[in-house]
>>> print(open('structure-v3.cif').read())   # mmCIF, C-alpha atoms
data_upload
#
loop_
_atom_site.label_atom_id
_atom_site.label_comp_id
_atom_site.auth_asym_id
_atom_site.auth_seq_id
_atom_site.Cartn_x
_atom_site.Cartn_y
_atom_site.Cartn_z
CA MET K 599 5.53 -15.08 3.38
CA MET K 600 3.50 -12.30 4.97
CA SER K 601 0.54 -11.09 2.92
CA VAL K 602 0.26 -7.31 2.97
CA LEU K 603 -3.37 -7.67 1.91
CA ASP K 604 -4.33 -9.32 5.18
CA LEU K 605 -2.74 -6.97 7.74
CA ALA K 606 -5.57 -4.39 7.85
CA PRO K 607 -8.48 -3.28 5.66
CA VAL K 608 -6.70 -0.04 4.78
CA LEU K 609 -3.08 0.55 3.78
CA PRO K 610 -2.19 4.20 4.48
CA VAL K 611 -0.21 5.72 1.61
CA VAL K 612 2.14 8.20 3.25
CA VAL K 613 4.22 11.00 1.72
CA ILE K 614 6.75 12.21 4.30
CA GLU K 615 8.60 15.49 3.80
CA ASP K 616 10.15 15.74 7.28
CA VAL K 617 11.89 12.72 8.80
CA ALA K 618 10.97 13.98 12.27
CA ASP K 619 7.32 13.24 11.47
CA ALA K 620 7.92 9.60 10.52
CA ALA K 621 7.89 7.87 13.91
CA PRO K 622 5.04 9.84 15.54
CA LEU K 623 2.92 9.45 12.42
CA ALA K 624 3.57 5.71 12.36
CA ARG K 625 2.74 5.41 16.07
CA ALA K 626 -0.58 7.18 15.50
CA LEU K 627 -1.51 4.89 12.61
CA VAL K 628 -0.56 1.75 14.54
CA ALA K 629 -2.46 2.91 17.62
CA GLY K 630 -5.50 3.42 15.39
CA GLY K 631 -5.30 -0.15 14.13
CA LEU K 632 -3.42 0.32 10.83
CA PRO K 633 -0.05 -1.43 11.30
CA ALA K 634 0.93 -1.61 7.62
CA ILE K 635 2.26 1.72 6.33
CA GLU K 636 3.34 2.45 2.76
CA VAL K 637 5.90 5.26 2.62
CA THR K 638 6.12 6.47 -0.97
CA LEU K 639 9.56 7.07 -2.47
CA ARG K 640 8.48 10.51 -3.74
CA THR K 641 10.49 12.72 -1.41
CA PRO K 642 14.16 13.05 -0.44
CA ALA K 643 13.16 12.10 3.11
CA ALA K 644 11.44 8.84 2.18
CA LEU K 645 14.24 6.35 2.78
CA ASP K 646 15.26 7.98 6.06
CA ALA K 647 11.59 7.96 7.08
CA ILE K 648 11.37 4.22 6.41
CA ARG K 649 14.53 3.72 8.42
CA ALA K 650 13.18 5.79 11.32
CA ILE K 651 9.90 3.87 11.42
CA ALA K 652 11.69 0.52 11.21
CA ASP K 653 14.05 1.49 14.03
CA GLU K 654 11.67 3.37 16.34
CA VAL K 655 8.25 1.79 15.75
CA PRO K 656 8.87 -1.97 15.55
CA GLU K 657 5.15 -2.73 15.84
CA ALA K 658 4.63 -1.02 12.47
CA VAL K 659 5.01 -2.98 9.24
CA VAL K 660 6.62 -0.30 7.09
CA GLY K 661 6.91 -0.68 3.34
CA ALA K 662 8.10 1.33 0.38
CA GLY K 663 5.74 2.59 -2.30
CA THR K 664 6.33 4.12 -5.73
CA VAL K 665 9.01 1.48 -6.31
CA VAL K 666 9.87 1.75 -10.01
CA THR K 667 13.54 0.67 -10.33
CA ALA K 668 15.82 -2.07 -9.10
CA ALA K 669 17.73 0.62 -7.19
CA ASN K 670 14.51 1.58 -5.40
CA VAL K 671 14.15 -2.05 -4.36
CA SER K 672 17.67 -2.36 -2.95
CA ASN K 673 17.57 1.04 -1.23
CA ALA K 674 14.20 0.32 0.37
CA ASP K 675 15.40 -3.09 1.54
CA ALA K 676 18.53 -1.53 3.06
CA ALA K 677 16.42 1.10 4.85
CA GLY K 678 14.34 -1.58 6.56
CA ALA K 679 11.25 -1.79 4.38
CA ARG K 680 9.26 -4.98 4.98
CA PHE K 681 7.26 -4.89 1.75
CA LEU K 682 7.31 -3.18 -1.64
CA VAL K 683 4.57 -1.58 -3.73
CA SER K 684 4.91 -0.46 -7.34
CA PRO K 685 2.52 1.55 -9.53
CA GLY K 686 3.28 -0.79 -12.44
CA TRP K 687 5.76 -3.47 -13.37
CA THR K 688 8.28 -4.64 -15.94
CA GLU K 689 10.10 -7.95 -16.16
CA GLY K 690 13.23 -6.33 -14.68
CA LEU K 691 11.39 -4.70 -11.79
CA LEU K 692 9.51 -7.91 -11.06
CA ASP K 693 12.80 -9.83 -10.94
CA ALA K 694 14.31 -7.27 -8.57
CA MET K 695 11.32 -7.36 -6.22
CA ARG K 696 11.24 -11.15 -6.22
CA THR K 697 14.99 -11.38 -5.61
CA SER K 698 14.71 -9.07 -2.58
CA GLY K 699 12.77 -11.73 -0.70
CA LEU K 700 10.30 -9.10 0.50
CA PRO K 701 6.54 -9.35 -0.06
CA PHE K 702 5.54 -7.11 -2.95
CA LEU K 703 2.48 -5.76 -4.71
CA PRO K 704 3.17 -4.97 -8.38
CA GLY K 705 0.76 -2.50 -9.95
CA VAL K 706 -1.74 -3.44 -12.65
CA SER K 707 -4.57 -1.67 -14.45
CA THR K 708 -5.50 -4.12 -17.23
CA THR K 709 -6.65 -7.72 -17.48
CA SER K 710 -3.60 -8.66 -19.55
CA GLU K 711 -1.26 -7.39 -16.82
CA VAL K 712 -3.14 -9.46 -14.25
CA VAL K 713 -2.89 -12.58 -16.42
CA ALA K 714 0.82 -11.96 -16.97
CA LEU K 715 1.48 -11.71 -13.24
CA LEU K 716 -0.51 -14.87 -12.57
CA GLU K 717 1.63 -16.57 -15.20
CA HIS K 718 4.67 -15.45 -13.15
CA GLY K 719 3.14 -16.98 -10.03
CA VAL K 720 2.20 -13.61 -8.48
CA PRO K 721 -1.45 -13.65 -7.30
CA GLU K 722 -1.41 -10.48 -5.15
CA MET K 723 -1.18 -7.07 -6.76
CA LYS K 724 -2.01 -3.39 -6.54
CA PHE K 725 -4.83 -2.12 -8.77
CA PHE K 726 -3.82 1.39 -9.80
CA PRO K 727 -5.10 3.97 -10.49
CA ALA K 728 -8.22 2.31 -9.12
CA GLU K 729 -10.94 4.85 -9.81
CA ALA K 730 -9.55 5.96 -13.18
CA ALA K 731 -9.01 2.34 -14.29
CA GLY K 732 -12.59 1.22 -13.74
CA GLY K 733 -13.04 1.03 -9.99
CA VAL K 734 -15.40 -1.39 -8.28
CA PRO K 735 -17.20 -2.57 -11.45
CA TYR K 736 -13.90 -3.44 -13.15
CA LEU K 737 -12.59 -5.45 -10.19
CA ARG K 738 -15.94 -7.19 -9.80
CA SER K 739 -15.80 -8.26 -13.45
CA LEU K 740 -12.28 -9.67 -13.01
CA HIS K 741 -13.29 -12.03 -10.23
CA GLY K 742 -15.24 -14.42 -12.45
CA PRO K 743 -12.48 -15.34 -14.91
CA LEU K 744 -9.55 -14.68 -12.54
CA PRO K 745 -10.68 -15.61 -9.02
CA GLN K 746 -7.12 -16.40 -7.93
CA ALA K 747 -6.04 -12.76 -8.26
CA ARG K 748 -6.28 -10.53 -5.15
CA PHE K 749 -5.93 -6.78 -5.11
CA CYS K 750 -5.18 -3.66 -3.13
CA PRO K 751 -6.96 -0.94 -5.10
CA THR K 752 -5.28 2.45 -4.71
CA GLY K 753 -5.77 5.78 -6.41
CA GLY K 754 -8.87 7.84 -5.81
CA VAL K 755 -10.19 5.50 -3.11
CA GLY K 756 -11.69 7.47 -0.22
CA ARG K 757 -13.67 6.96 2.97
CA ALA K 758 -16.97 6.86 1.06
CA SER K 759 -15.89 4.38 -1.63
CA ALA K 760 -13.66 2.10 0.46
CA PRO K 761 -16.49 -0.12 1.78
CA SER K 762 -17.64 -0.92 -1.77
CA TYR K 763 -14.15 -2.09 -2.67
CA LEU K 764 -13.73 -4.04 0.57
CA ALA K 765 -16.99 -5.89 -0.08
CA LEU K 766 -15.50 -7.48 -3.22
CA PRO K 767 -14.23 -11.06 -2.79
CA ASN K 768 -10.99 -10.30 -4.65
CA VAL K 769 -10.00 -7.23 -2.59
CA GLY K 770 -7.84 -7.77 0.48
CA CYS K 771 -7.36 -4.14 1.44
CA VAL K 772 -7.48 -0.66 -0.08
CA GLY K 773 -4.79 1.99 -0.19
CA GLY K 774 -5.68 5.54 0.74
CA THR K 775 -4.71 8.86 2.25
CA TRP K 776 -7.94 10.12 3.78
CA MET K 777 -6.77 9.34 7.32
CA LEU K 778 -3.83 11.68 6.69
CA PRO K 779 -5.40 15.10 5.98
CA PRO K 780 -2.78 17.71 5.07
CA ASP K 781 -3.90 20.13 7.77
CA ALA K 782 -3.52 17.45 10.46
CA LEU K 783 -0.03 16.57 9.23
CA ALA K 784 0.99 20.23 9.05
CA ALA K 785 -0.21 20.74 12.64
CA LYS K 786 1.34 17.44 13.76
CA ASP K 787 -2.09 16.53 15.11
CA TRP K 788 -1.29 12.88 15.75
CA PRO K 789 -4.40 12.25 17.92
CA ARG K 790 -6.58 13.23 14.95
CA VAL K 791 -4.62 10.89 12.68
CA GLU K 792 -5.08 8.10 15.22
CA SER K 793 -8.82 8.75 15.37
CA LEU K 794 -9.17 8.69 11.58
CA ALA K 795 -7.03 5.54 11.42
CA ARG K 796 -9.34 3.88 13.95
CA GLU K 797 -12.35 4.69 11.77
CA ALA K 798 -10.57 3.25 8.73
CA ALA K 799 -9.57 0.09 10.60
CA ALA K 800 -13.22 -0.51 11.47
CA LEU K 801 -14.34 -0.55 7.82
CA ARG K 802 -14.11 -4.35 7.81
#
>>> encode(input="structure-v3.cif", output="structure tokens")
Amino acid sequence: MMSVLDLAPVLPVVVIEDVADAAPLARALVAGGLPAIEVTLRTPAALDAIRAIADEVPEAVVGAGTVVTAANVSNADAAGARFLVSPGWTEGLLDAMRTSGLPFLPGVSTTSEVVALLEHGVPEMKFFPAEAAGGVPYLRSLHGPLPQARFCPTGGVGRASAPSYLALPNVGCVGGTWMLPPDALAAKDWPRVESLAREAAALR
């Protein structure tokens, strides 16, 4: 199964309000070297945006973020999502994500949650909210007792802090939004997004 953690050093976390922006935004990110794209299920346009990217930008690996229910899982799968990301997890949500057959990153913020996922045979996870939950020092401290766990820290991670996370042996990639500044999205300045994506892709 594909590992989302190994596709690129940065996983763009995208909130799409207008479906018309989905494909050109995805093309800009892919051209900049960030093929994996997490479209959060926070807007009415999200599922249609995933569908548009899946249909029109096949070189993108589009996934669904903010997955919190079994219905989110099935709807994202039907829209063409190729991976799932949740901010946290329950037994029911974990079962739904596993049953989908898609790669998934369940969210954790405590050592006990990490141990529980490892017990379920899930070694790859999202660390969220990264900065608020302890950041680089916390993840560094987890590596000693739990070296088999790998993370995508998301939440407060920016251009300045990303390299510190990526230097950790248990971090595969980081999630972030800094390559998607609101003014660039509002202006549909896709060349700027591509340029910022290229800088992010070069972080490792």
>>> resolve_selection(input="structure-v3.cif", expression="the PyMOL selection byres ((chain K and resi 718) around 12)", output="list of chain:residue names")
K:Thr688, K:Glu689, K:Leu692, K:Asp693, K:Arg696, K:Pro704, K:Glu711, K:Val712, K:Val713, K:Ala714, K:Leu715, K:Leu716, K:Glu717, K:Gly719, K:Val720, K:Pro721, K:Glu722
>>> resolve_selection(input="structure-v3.cif", expression="the PyMOL selection byres ((chain K and resi 748) around 12)", output="PyMOL selection string")
chain K and resi 601-604+703-706+712-713+715-716+720-725+737-738+740-741+744-747+749-751+763-764+766-772
>>> residues_around(input="structure-v3.cif", residues="segment 673-687 of chain K", least_positions_apart="3", cutoff="6 Å", atoms="all atoms listed in the file", output="list in words")
Arg649, Ala652, Val660, Gly661, Ala662, Gly663, Thr664, Val665, Ala669, Asn670, Leu691, Leu700, Pro701, Phe702, Leu703, Pro704, Gly705 and Val706 of chain K
>>> residues_around(input="structure-v3.cif", residues="Ala782 of chain K", least_positions_apart="4", cutoff="12 Å", atoms="only C-alpha atoms", output="list in words")
Asp619, Leu623, Ala626, Thr775, Trp776, Met777, Leu778, Lys786, Asp787, Trp788, Pro789, Arg790, Val791, Glu792, Ser793 and Leu794 of chain K
>>> residues_around(input="structure-v3.cif", residues="Ala647 of chain K", least_positions_apart="3", cutoff="12 Å", atoms="only C-alpha atoms", output="ChimeraX atom specification")
/K:612-624,635-644,650-655,660-662,674,677-679
>>> closest_residue(input="structure-v3.cif", among="K:Gly754, K:Pro735, K:Gly742, K:Gly630", to="Ala798 of chain K", atoms="only C-alpha atoms")
K:Gly630
>>> closest_residue(input="structure-v3.cif", among="K:Ser707, K:Gly756, K:Arg796, K:Val666", to="Ala694 of chain K", atoms="all atoms listed in the file")
K:Val666
>>> atom_distance(input="structure-v3.cif", atom1="atom CA of Val628 of chain K", atom2="atom CA of Glu657 of chain K")
7.4 Å
>>> closest_residue(input="structure-v3.cif", among="K:Thr709, K:Ala800, K:Met695, K:Pro633", to="Pro743 of chain K", atoms="all atoms listed in the file")
K:Thr709
>>> closest_residue(input="structure-v3.cif", among="K:Ser739, K:Ala785, K:Pro761, K:Gly631", to="Ala606 of chain K", atoms="only C-alpha atoms")
K:Gly631
>>> atom_distance(input="structure-v3.cif", atom1="atom CA of Val734 of chain K", atom2="atom CA of Leu632 of chain K")
22.6 Å
>>> atom_distance(input="structure-v3.cif", atom1="atom CA of Ala795 of chain K", atom2="atom CA of Gly733 of chain K")
22.7 Å
>>> closest_residue(input="structure-v3.cif", among="K:Ala728, K:Pro779, K:Gly690, K:Ala634", to="Ser759 of chain K", atoms="all atoms listed in the file")
K:Ala728
>>> decode(input="structure-v3.cif", residues="segment 750-787 of chain K", atoms="N, CA and C atoms", output="tab-separated table (two decimals), in the first residue's frame")
chain	number	residue	atom	x	y	z
K	750	CYS	N	3.15	12.42	10.39
K	750	CYS	CA	3.01	13.64	9.61
K	750	CYS	C	2.50	14.71	10.56
K	751	PRO	N	3.38	15.52	11.16
K	751	PRO	CA	2.93	16.56	12.05
K	751	PRO	C	2.23	17.69	11.28
K	752	THR	N	1.08	18.09	11.77
K	752	THR	CA	0.27	19.13	11.13
K	752	THR	C	-0.37	19.98	12.22
K	753	GLY	N	-0.47	21.26	11.94
K	753	GLY	CA	-1.10	22.17	12.91
K	753	GLY	C	-0.08	23.12	13.48
K	754	GLY	N	0.03	24.29	12.88
K	754	GLY	CA	0.99	25.28	13.34
K	754	GLY	C	2.37	25.12	12.73
K	755	VAL	N	2.56	24.13	11.85
K	755	VAL	CA	3.85	23.93	11.20
K	755	VAL	C	3.97	24.92	10.04
K	756	GLY	N	5.06	25.67	10.00
K	756	GLY	CA	5.27	26.65	8.95
K	756	GLY	C	6.60	26.47	8.26
K	757	ARG	N	6.89	27.39	7.35
K	757	ARG	CA	8.14	27.31	6.57
K	757	ARG	C	9.36	27.30	7.48
K	758	ALA	N	9.32	28.08	8.57
K	758	ALA	CA	10.49	28.18	9.44
K	758	ALA	C	10.70	26.93	10.29
K	759	SER	N	9.60	26.32	10.73
K	759	SER	CA	9.71	25.17	11.64
K	759	SER	C	9.76	23.83	10.91
K	760	ALA	N	9.32	23.78	9.67
K	760	ALA	CA	9.26	22.51	8.95
K	760	ALA	C	10.58	21.76	8.91
K	761	PRO	N	11.72	22.42	8.65
K	761	PRO	CA	12.98	21.66	8.60
K	761	PRO	C	13.32	20.94	9.91
K	762	SER	N	12.96	21.54	11.05
K	762	SER	CA	13.24	20.90	12.34
K	762	SER	C	12.43	19.62	12.49
K	763	TYR	N	11.18	19.65	12.03
K	763	TYR	CA	10.37	18.43	12.07
K	763	TYR	C	10.93	17.38	11.10
K	764	LEU	N	11.27	17.82	9.89
K	764	LEU	CA	11.72	16.88	8.87
K	764	LEU	C	13.05	16.24	9.20
K	765	ALA	N	13.81	16.86	10.11
K	765	ALA	CA	15.09	16.28	10.53
K	765	ALA	C	14.92	15.13	11.51
K	766	LEU	N	13.71	14.96	12.06
K	766	LEU	CA	13.47	13.88	13.02
K	766	LEU	C	13.36	12.54	12.29
K	767	PRO	N	13.90	11.47	12.88
K	767	PRO	CA	13.87	10.17	12.21
K	767	PRO	C	12.47	9.56	12.12
K	768	ASN	N	11.54	10.03	12.94
K	768	ASN	CA	10.19	9.46	12.92
K	768	ASN	C	9.18	10.33	12.19
K	769	VAL	N	9.65	11.32	11.44
K	769	VAL	CA	8.76	12.18	10.66
K	769	VAL	C	8.98	11.91	9.18
K	770	GLY	N	7.91	11.52	8.49
K	770	GLY	CA	7.99	11.27	7.06
K	770	GLY	C	7.74	12.51	6.24
K	771	CYS	N	6.77	13.32	6.66
K	771	CYS	CA	6.46	14.57	5.99
K	771	CYS	C	5.74	15.46	6.99
K	772	VAL	N	5.54	16.72	6.63
K	772	VAL	CA	4.77	17.63	7.46
K	772	VAL	C	3.58	18.14	6.66
K	773	GLY	N	2.51	18.47	7.35
K	773	GLY	CA	1.36	19.08	6.70
K	773	GLY	C	1.38	20.58	6.95
K	774	GLY	N	1.01	21.35	5.93
K	774	GLY	CA	1.04	22.80	6.10
K	774	GLY	C	0.26	23.54	5.05
K	775	THR	N	0.14	24.84	5.26
K	775	THR	CA	-0.63	25.69	4.36
K	775	THR	C	0.16	26.89	3.86
K	776	TRP	N	1.43	27.00	4.26
K	776	TRP	CA	2.16	28.23	3.95
K	776	TRP	C	2.40	28.42	2.46
K	777	MET	N	2.32	27.37	1.67
K	777	MET	CA	2.49	27.52	0.22
K	777	MET	C	1.17	27.90	-0.46
K	778	LEU	N	0.15	28.16	0.37
K	778	LEU	CA	-1.18	28.52	-0.13
K	778	LEU	C	-1.66	29.82	0.54
K	779	PRO	N	-0.92	30.92	0.39
K	779	PRO	CA	-1.33	32.16	1.05
K	779	PRO	C	-2.69	32.64	0.56
K	780	PRO	N	-3.55	33.11	1.46
K	780	PRO	CA	-4.90	33.50	1.07
K	780	PRO	C	-4.95	34.53	-0.06
K	781	ASP	N	-4.01	35.47	-0.07
K	781	ASP	CA	-4.05	36.48	-1.13
K	781	ASP	C	-3.74	35.86	-2.50
K	782	ALA	N	-2.85	34.87	-2.53
K	782	ALA	CA	-2.55	34.20	-3.80
K	782	ALA	C	-3.75	33.40	-4.29
K	783	LEU	N	-4.44	32.74	-3.36
K	783	LEU	CA	-5.62	31.97	-3.75
K	783	LEU	C	-6.73	32.88	-4.23
K	784	ALA	N	-6.92	34.00	-3.52
K	784	ALA	CA	-7.98	34.95	-3.92
K	784	ALA	C	-7.71	35.51	-5.31
K	785	ALA	N	-6.43	35.74	-5.63
K	785	ALA	CA	-6.06	36.30	-6.93
K	785	ALA	C	-5.88	35.22	-7.99
K	786	LYS	N	-6.04	33.96	-7.59
K	786	LYS	CA	-5.81	32.82	-8.48
K	786	LYS	C	-4.41	32.91	-9.10
K	787	ASP	N	-3.45	33.25	-8.24
K	787	ASP	CA	-2.06	33.41	-8.66
K	787	ASP	C	-1.37	32.05	-8.58
